[in-house]
file my_file18.cif (mmCIF, C-alpha atoms; chains and numbers go by the auth columns)
data_my_file
#
loop_
_atom_site.group_PDB
_atom_site.id
_atom_site.type_symbol
_atom_site.label_atom_id
_atom_site.label_comp_id
_atom_site.label_asym_id
_atom_site.label_seq_id
_atom_site.Cartn_x
_atom_site.Cartn_y
_atom_site.Cartn_z
_atom_site.B_iso_or_equiv
_atom_site.auth_seq_id
_atom_site.auth_asym_id
ATOM 1 C CA MET A 1 -35.076 16.041 -100.412 0.00 1 A
ATOM 2 C CA ARG A 2 -35.041 15.066 -104.064 0.00 2 A
ATOM 3 C CA ARG A 3 -38.493 16.585 -104.408 0.00 3 A
ATOM 4 C CA ILE A 4 -37.154 19.960 -103.211 0.00 4 A
ATOM 5 C CA PHE A 5 -34.280 20.001 -105.714 0.00 5 A
ATOM 6 C CA GLU A 6 -36.462 18.790 -108.581 0.00 6 A
ATOM 7 C CA GLY A 7 -39.093 21.427 -107.802 0.00 7 A
ATOM 8 C CA TYR A 8 -36.457 24.150 -107.702 0.00 8 A
ATOM 9 C CA ALA A 9 -34.943 22.924 -110.979 0.00 9 A
ATOM 10 C CA ASP A 10 -38.439 23.073 -112.506 0.00 10 A
ATOM 11 C CA GLY A 11 -38.644 26.759 -111.566 0.00 11 A
ATOM 12 C CA LEU A 12 -40.691 26.605 -108.361 0.00 12 A
ATOM 13 C CA SER A 13 -39.852 29.154 -105.669 0.00 13 A
ATOM 14 C CA PRO A 14 -38.772 27.977 -102.197 0.00 14 A
ATOM 15 C CA ARG A 15 -42.025 29.433 -100.835 0.00 15 A
ATOM 16 C CA HIS A 16 -44.092 27.392 -103.290 0.00 16 A
ATOM 17 C CA ILE A 17 -42.095 24.218 -102.540 0.00 17 A
ATOM 18 C CA ALA A 18 -42.598 24.724 -98.786 0.00 18 A
ATOM 19 C CA ALA A 19 -46.347 25.236 -99.283 0.00 19 A
ATOM 20 C CA ARG A 20 -46.624 22.006 -101.290 0.00 20 A
ATOM 21 C CA LEU A 21 -44.689 20.024 -98.688 0.00 21 A
ATOM 22 C CA ASN A 22 -46.971 21.390 -95.951 0.00 22 A
ATOM 23 C CA GLU A 23 -50.093 20.572 -98.012 0.00 23 A
ATOM 24 C CA ASP A 24 -48.890 16.994 -98.397 0.00 24 A
ATOM 25 C CA GLY A 25 -48.199 16.675 -94.655 0.00 25 A
ATOM 26 C CA ILE A 26 -44.472 16.107 -95.019 0.00 26 A
ATOM 27 C CA PRO A 27 -42.732 17.228 -91.808 0.00 27 A
ATOM 28 C CA SER A 28 -39.747 19.575 -91.894 0.00 28 A
ATOM 29 C CA PRO A 29 -36.365 18.437 -90.522 0.00 29 A
ATOM 30 C CA SER A 30 -37.417 19.717 -87.085 0.00 30 A
ATOM 31 C CA GLY A 31 -40.751 17.883 -87.350 0.00 31 A
ATOM 32 C CA GLY A 32 -42.939 20.960 -87.864 0.00 32 A
ATOM 33 C CA LYS A 33 -44.114 22.960 -90.840 0.00 33 A
ATOM 34 C CA TRP A 34 -41.848 23.905 -93.743 0.00 34 A
ATOM 35 C CA ASN A 35 -40.726 27.496 -94.160 0.00 35 A
ATOM 36 C CA ASP A 36 -39.170 28.885 -97.337 0.00 36 A
ATOM 37 C CA SER A 37 -36.033 29.851 -95.391 0.00 37 A
ATOM 38 C CA THR A 38 -35.492 26.177 -94.510 0.00 38 A
ATOM 39 C CA ILE A 39 -35.192 25.493 -98.216 0.00 39 A
ATOM 40 C CA ARG A 40 -33.602 28.768 -99.402 0.00 40 A
ATOM 41 C CA GLY A 41 -31.313 29.397 -96.440 0.00 41 A
ATOM 42 C CA ASN A 42 -29.079 32.354 -95.738 0.00 42 A
ATOM 43 C CA ALA A 43 -26.442 33.285 -98.327 0.00 43 A
ATOM 44 C CA ARG A 44 -23.921 34.526 -95.746 0.00 44 A
ATOM 45 C CA LYS A 45 -24.257 31.461 -93.514 0.00 45 A
ATOM 46 C CA ARG A 46 -24.591 29.050 -96.468 0.00 46 A
ATOM 47 C CA ASP A 47 -27.335 27.097 -94.761 0.00 47 A
ATOM 48 C CA GLY A 48 -30.676 25.866 -96.023 0.00 48 A
ATOM 49 C CA MET A 49 -31.093 22.962 -98.364 0.00 49 A
ATOM 50 C CA LEU A 50 -30.293 24.801 -101.591 0.00 50 A
ATOM 51 C CA ARG A 51 -27.158 26.574 -100.290 0.00 51 A
ATOM 52 C CA ASN A 52 -25.631 23.967 -97.989 0.00 52 A
ATOM 53 C CA GLU A 53 -22.647 22.292 -99.651 0.00 53 A
ATOM 54 C CA ALA A 54 -23.421 18.968 -97.967 0.00 54 A
ATOM 55 C CA TYR A 55 -26.760 18.716 -99.783 0.00 55 A
ATOM 56 C CA VAL A 56 -25.205 19.324 -103.198 0.00 56 A
ATOM 57 C CA GLY A 57 -22.328 16.851 -102.751 0.00 57 A
ATOM 58 C CA ILE A 58 -19.402 19.063 -101.702 0.00 58 A
ATOM 59 C CA LEU A 59 -17.534 18.100 -98.535 0.00 59 A
ATOM 60 C CA VAL A 60 -16.279 21.057 -96.516 0.00 60 A
ATOM 61 C CA TYR A 61 -13.964 20.871 -93.513 0.00 61 A
ATOM 62 C CA GLY A 62 -13.310 23.737 -91.130 0.00 62 A
ATOM 63 C CA ARG A 63 -16.034 26.121 -92.368 0.00 63 A
ATOM 64 C CA ASN A 64 -16.669 27.325 -88.807 0.00 64 A
ATOM 65 C CA ARG A 65 -14.493 27.690 -85.766 0.00 65 A
ATOM 66 C CA PHE A 66 -15.877 27.345 -82.264 0.00 66 A
ATOM 67 C CA LEU A 67 -14.906 29.409 -79.256 0.00 67 A
ATOM 68 C CA ARG A 68 -16.068 29.480 -75.633 0.00 68 A
ATOM 69 C CA ASN A 69 -17.458 32.625 -74.076 0.00 69 A
ATOM 70 C CA ALA A 70 -15.348 33.104 -70.943 0.00 70 A
ATOM 71 C CA ASP A 71 -18.245 34.655 -69.009 0.00 71 A
ATOM 72 C CA THR A 72 -21.033 32.197 -69.835 0.00 72 A
ATOM 73 C CA GLY A 73 -19.162 29.085 -70.947 0.00 73 A
ATOM 74 C CA ASN A 74 -21.374 28.898 -74.042 0.00 74 A
ATOM 75 C CA ARG A 75 -19.898 27.753 -77.329 0.00 75 A
ATOM 76 C CA ILE A 76 -19.842 30.426 -80.055 0.00 76 A
ATOM 77 C CA SER A 77 -19.674 29.627 -83.769 0.00 77 A
ATOM 78 C CA ARG A 78 -17.676 31.962 -86.003 0.00 78 A
ATOM 79 C CA PRO A 79 -16.841 31.657 -89.715 0.00 79 A
ATOM 80 C CA ALA A 80 -13.325 30.385 -90.299 0.00 80 A
ATOM 81 C CA ASP A 81 -10.748 32.243 -92.360 0.00 81 A
ATOM 82 C CA ALA A 82 -10.948 31.344 -96.062 0.00 82 A
ATOM 83 C CA ASP A 83 -7.411 29.903 -95.938 0.00 83 A
ATOM 84 C CA ASP A 84 -8.450 27.411 -93.238 0.00 84 A
ATOM 85 C CA ILE A 85 -11.402 25.916 -95.166 0.00 85 A
ATOM 86 C CA VAL A 86 -10.813 22.682 -97.098 0.00 86 A
ATOM 87 C CA TYR A 87 -13.170 21.680 -99.958 0.00 87 A
#
call {"tool": "encode", "arguments": {"input": "my_file18.cif", "output": "structure tokens"}}
result
Amino acid sequence: MRRIFEGYADGLSPRHIAARLNEDGIPSPSGGKWNDSTIRGNARKRDGMLRNEAYVGILVYGRNRFLRNADTGNRISRPADADDIVY
């Protein structure tokens, strides 16, 4: 993980970092190949290694709320209201 942040700080793009990790045979968190979106993430969802608060040392409680779909019983994740999030 340190290698990803150091590479980004040195000006490498997430795509270039992912390519280097794949060349060196380092598995992604899921065990497969690296993709730039794994590193970059989604700005709205605040995921990915560079956008996720947990990876940069900020603890966040209540960022998402979870509901059950009455028809399927599946759990659904929804962003919490800004007033309910604790940093």
call {"tool": "atom_distance", "arguments": {"input": "my_file18.cif", "atom1": "CA of Gly41 in chain A", "atom2": "CA of Asn74 in chain A"}}
result
24.5 Å
call {"tool": "resolve_selection", "arguments": {"input": "my_file18.cif", "expression": "the PyMOL selection byres ((chain A and resi 17-21) around 8)", "output": "PyMOL selection string"}}
result
chain A and resi 4+7-8+12-16+22-27+34-36+39
call {"tool": "write_last_selection", "arguments": {"input": "my_file18.cif", "atoms": "C-alpha atoms", "output": "tab-separated table (two decimals), in the frame of the given file"}}
result
chain	number	residue	atom	x	y	z
A	4	ILE	CA	-37.15	19.96	-103.21
A	7	GLY	CA	-39.09	21.43	-107.80
A	8	TYR	CA	-36.46	24.15	-107.70
A	12	LEU	CA	-40.69	26.60	-108.36
A	13	SER	CA	-39.85	29.15	-105.67
A	14	PRO	CA	-38.77	27.98	-102.20
A	15	ARG	CA	-42.02	29.43	-100.84
A	16	HIS	CA	-44.09	27.39	-103.29
A	22	ASN	CA	-46.97	21.39	-95.95
A	23	GLU	CA	-50.09	20.57	-98.01
A	24	ASP	CA	-48.89	16.99	-98.40
A	25	GLY	CA	-48.20	16.68	-94.66
A	26	ILE	CA	-44.47	16.11	-95.02
A	27	PRO	CA	-42.73	17.23	-91.81
A	34	TRP	CA	-41.85	23.90	-93.74
A	35	ASN	CA	-40.73	27.50	-94.16
A	36	ASP	CA	-39.17	28.88	-97.34
A	39	ILE	CA	-35.19	25.49	-98.22
call {"tool": "closest_residue", "arguments": {"input": "my_file18.cif", "among": "A:Phe5, A:Gly73, A:Gly11, A:Asp84", "to": "Arg51 in chain A", "atoms": "only C-alpha atoms"}}
result
A:Phe5
call {"tool": "resolve_selection", "arguments": {"input": "my_file18.cif", "expression": "the PyMOL selection byres ((chain A and resi 75-80) around 6)", "output": "mmCIF file with C-alpha atoms, in the coordinates of the input"}}
result
data_model
loop_
_atom_site.group_PDB
_atom_site.id
_atom_site.type_symbol
_atom_site.label_atom_id
_atom_site.label_comp_id
_atom_site.auth_asym_id
_atom_site.auth_seq_id
_atom_site.Cartn_x
_atom_site.Cartn_y
_atom_site.Cartn_z
ATOM 1 C CA ARG A 63 -16.034 26.121 -92.368
ATOM 2 C CA ASN A 64 -16.669 27.325 -88.807
ATOM 3 C CA ARG A 65 -14.493 27.690 -85.766
ATOM 4 C CA PHE A 66 -15.877 27.345 -82.264
ATOM 5 C CA LEU A 67 -14.906 29.409 -79.256
ATOM 6 C CA ARG A 68 -16.068 29.480 -75.633
ATOM 7 C CA ASN A 74 -21.374 28.898 -74.042
ATOM 8 C CA ASP A 81 -10.748 32.243 -92.360
#
call {"tool": "atom_distance", "arguments": {"input": "my_file18.cif", "atom1": "CA of Ser30 in chain A", "atom2": "CA of Thr72 in chain A"}}
result
26.9 Å
call {"tool": "atom_distance", "arguments": {"input": "my_file18.cif", "atom1": "CA of Glu53 in chain A", "atom2": "CA of Asn69 in chain A"}}
result
28.1 Å
call {"tool": "axis_aligned_box", "arguments": {"input": "my_file18.cif", "around": "range 47-57 of chain A", "padding_each_side": "5 Å", "output": "AutoDock Vina command-line options"}}
result
--center_x -26.7 --center_y 22.0 --center_z -99.0 --size_x 18.8 --size_y 20.2 --size_z 18.4
